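K.L.:
Once you've had a glance at the structure underneath, I'll fire off some questions.
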Amino acid sequence: MNLLLTGCAGFIGSNVARLLLERGDTVVGIDDLNDAYDTRLKTWRLDRLKSQPNFTFLRADVADSRRLTETVQPVAYDAVINLAARAGVRQSVE
């Protein structure tokens with residue numbers, strides 16, 4: 001399957017991406033790598049995914065529709081898995 005996965009550098013997103021890649025899927029991962037918590041952890045998770053041949057990373061904020069439209073190629077995805085979120089209630093409200 002050809003999948004688009006938002007929030008791919010987060011804990012849940014990176015593990016979902018890993019499992020999808022292990023079963024042979026192609027994954028295009030999107031994340032803005034915001035600083036809601038230590039970005040080194042997100043980068044570490046992302047580096048592990050980038051070593052997989054069927055993984056492509058796009059740095060984008062899903063809340064920025066213009067940038068997202070420019071970044072995501074018009075591809076027929078079999079599914080979109082939206083796991084993008086702000087870590088922490090205060091930041092998500094702001």
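Residues in the structure tokens are named by chain (A, B, ... in the order shown) and by number from 1 within that chain; ligands are numbered from 1 in the order shown.
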Could you list, as an NGL selection string, every residue within 7 Å of Val28 (chain A), counting only C-alpha atoms and ignoring same-chain residues fewer than 4 positions away?
P.N.:
:A and (3-5 or 55-57)
K.L.:
Take the residues from that selection and put them in a file with all heavy atoms, as a short mmCIF file (atom, residue, chain, number, x, y, z; two decimals), in the first residue's frame.
P.N.:
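Contents of again-v5.cif, freshly written:
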data_model
loop_
_atom_site.label_atom_id
_atom_site.label_comp_id
_atom_site.auth_asym_id
_atom_site.auth_seq_id
_atom_site.Cartn_x
_atom_site.Cartn_y
_atom_site.Cartn_z
N LEU A 3 1.00 4.87 1.47
CA LEU A 3 0.33 5.55 2.57
C LEU A 3 0.95 6.91 2.87
O LEU A 3 2.17 7.08 2.79
CB LEU A 3 0.42 4.68 3.83
CG LEU A 3 -0.14 3.27 3.66
CD1 LEU A 3 0.31 2.39 4.80
CD2 LEU A 3 -1.65 3.32 3.60
N LEU A 4 0.10 7.86 3.27
CA LEU A 4 0.53 9.16 3.75
C LEU A 4 0.28 9.19 5.25
O LEU A 4 -0.83 8.92 5.70
CB LEU A 4 -0.26 10.28 3.06
CG LEU A 4 0.07 11.70 3.45
CD1 LEU A 4 1.49 12.05 3.00
CD2 LEU A 4 -0.93 12.67 2.84
N LEU A 5 1.32 9.46 6.03
CA LEU A 5 1.24 9.41 7.49
C LEU A 5 1.70 10.73 8.08
O LEU A 5 2.86 11.11 7.94
CB LEU A 5 2.13 8.27 8.02
CG LEU A 5 2.32 8.17 9.53
CD1 LEU A 5 1.00 7.85 10.23
CD2 LEU A 5 3.36 7.11 9.85
N PHE A 55 10.56 4.69 2.67
CA PHE A 55 10.11 5.83 3.48
C PHE A 55 10.62 7.13 2.88
O PHE A 55 11.79 7.27 2.54
CB PHE A 55 10.62 5.70 4.92
CG PHE A 55 10.17 6.84 5.81
CD1 PHE A 55 8.89 6.86 6.32
CD2 PHE A 55 11.04 7.87 6.11
CE1 PHE A 55 8.47 7.92 7.12
CE2 PHE A 55 10.63 8.93 6.92
CZ PHE A 55 9.34 8.95 7.42
N THR A 56 9.72 8.08 2.77
CA THR A 56 10.06 9.43 2.34
C THR A 56 9.56 10.41 3.39
O THR A 56 8.42 10.29 3.85
CB THR A 56 9.39 9.76 0.98
OG1 THR A 56 9.79 8.78 0.03
CG2 THR A 56 9.79 11.15 0.50
N PHE A 57 10.41 11.38 3.76
CA PHE A 57 10.02 12.37 4.77
C PHE A 57 9.80 13.73 4.13
O PHE A 57 10.60 14.18 3.31
CB PHE A 57 11.09 12.49 5.85
CG PHE A 57 10.78 13.59 6.85
CD1 PHE A 57 9.70 13.49 7.70
CD2 PHE A 57 11.57 14.72 6.90
CE1 PHE A 57 9.41 14.50 8.60
CE2 PHE A 57 11.30 15.74 7.81
CZ PHE A 57 10.21 15.63 8.66
#
K.L.:
Env of Arg18 (chain A): 10 Å cut, atoms = only C-alpha atoms, seq-sep filter 2 positions within chain, self excluded. Answer as a list of chain:residue names.
P.N.:
A:Cys8, A:Ile12, A:Gly13, A:Ser14, A:Asn15, A:Val16, A:Leu20, A:Leu21, A:Glu22, A:Arg23, A:Gly24, A:Asp25, A:Val27, A:Arg45, A:Arg48, A:Leu49, A:Gln52, A:Phe55
K.L.:
Using backbone DSSP assignments, extract all helix (DSSP H, G or I) residues from chain A; output them as a ChimeraX atom specification.
P.N.:
/A:11-22,39-50,65-71,89-93
K.L.:
Using C-alpha atoms, can you export the residues from the last selection as a short mmCIF file (atom, residue, chain, number, x, y, z; two decimals), in the first residue's frame?
P.N.:
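Written output follows (part_16.cif):
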data_model
loop_
_atom_site.label_atom_id
_atom_site.label_comp_id
_atom_site.auth_asym_id
_atom_site.auth_seq_id
_atom_site.Cartn_x
_atom_site.Cartn_y
_atom_site.Cartn_z
CA PHE A 11 6.11 8.30 19.45
CA ILE A 12 2.96 6.75 18.02
CA GLY A 13 3.52 7.94 14.46
CA SER A 14 7.07 6.62 14.25
CA ASN A 15 6.01 3.21 15.54
CA VAL A 16 3.08 3.04 13.12
CA ALA A 17 5.46 3.97 10.28
CA ARG A 18 7.93 1.28 11.36
CA LEU A 19 5.22 -1.40 11.44
CA LEU A 20 3.88 -0.35 8.03
CA LEU A 21 7.37 -0.42 6.53
CA GLU A 22 8.03 -3.85 8.06
CA THR A 39 13.38 17.77 18.99
CA ARG A 40 16.43 15.53 19.34
CA LEU A 41 14.08 12.68 20.20
CA LYS A 42 11.98 13.34 17.11
CA THR A 43 15.10 13.55 14.96
CA TRP A 44 16.38 10.23 16.37
CA ARG A 45 13.08 8.52 15.53
CA LEU A 46 13.06 10.07 12.09
CA ASP A 47 16.65 9.01 11.34
CA ARG A 48 15.67 5.39 12.00
CA LEU A 49 12.78 5.69 9.53
CA LYS A 50 14.85 7.47 6.88
CA SER A 65 -2.66 24.21 3.91
CA ARG A 66 -0.80 26.22 1.26
CA ARG A 67 2.60 24.77 2.21
CA LEU A 68 1.12 21.30 2.58
CA THR A 69 -0.41 21.50 -0.91
CA GLU A 70 2.97 22.58 -2.33
CA THR A 71 4.85 19.83 -0.45
CA VAL A 89 -2.94 20.77 26.14
CA ARG A 90 -1.63 24.32 26.59
CA GLN A 91 0.25 24.35 23.28
CA SER A 92 -2.67 22.86 21.38
CA VAL A 93 -5.02 25.56 22.70
#
K.L.:
Could you jot down the CA of Thr6 (chain A) to CA of Leu33 (chain A) separation for me, Å, one decimal place?
P.N.:
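Atom-to-atom, CA of Thr6 (chain A) to CA of Leu33 (chain A), that is 11.1 Å.
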K.L.:
With distances taken over only C-alpha atoms, which residue among A:Ile30, A:Met1, A:Ala9, A:Ala36 lies nearest Asp61 (chain A)?
P.N.:
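When distances to Asp61 (chain A) are compared using only C-alpha atoms, the smallest one comes from A:Ile30.
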K.L.:
DSSP on the backbone: what in chain A comes out strand (DSSP E), as a short mmCIF file (atom, residue, chain, number, x, y, z; two decimals) with C-alpha atoms, in the first residue's frame?
P.N.:
data_model
loop_
_atom_site.label_atom_id
_atom_site.label_comp_id
_atom_site.auth_asym_id
_atom_site.auth_seq_id
_atom_site.Cartn_x
_atom_site.Cartn_y
_atom_site.Cartn_z
CA ASN A 2 1.04 3.60 -0.61
CA LEU A 3 0.33 5.55 2.57
CA LEU A 4 0.53 9.16 3.75
CA LEU A 5 1.24 9.41 7.49
CA THR A 6 1.17 12.68 9.40
CA THR A 26 5.46 2.58 1.10
CA VAL A 27 5.15 5.46 3.58
CA VAL A 28 5.36 9.20 2.97
CA GLY A 29 5.75 10.73 6.42
CA ILE A 30 4.96 14.33 7.30
CA ASP A 31 5.97 16.16 10.45
CA PHE A 55 10.11 5.83 3.48
CA THR A 56 10.06 9.43 2.34
CA PHE A 57 10.02 12.37 4.77
CA LEU A 58 8.41 15.74 4.11
CA ARG A 59 8.81 18.51 6.66
CA ALA A 79 -4.90 5.71 2.76
CA VAL A 80 -4.04 8.73 4.88
CA ILE A 81 -3.26 8.16 8.54
CA ASN A 82 -3.51 11.43 10.46
#
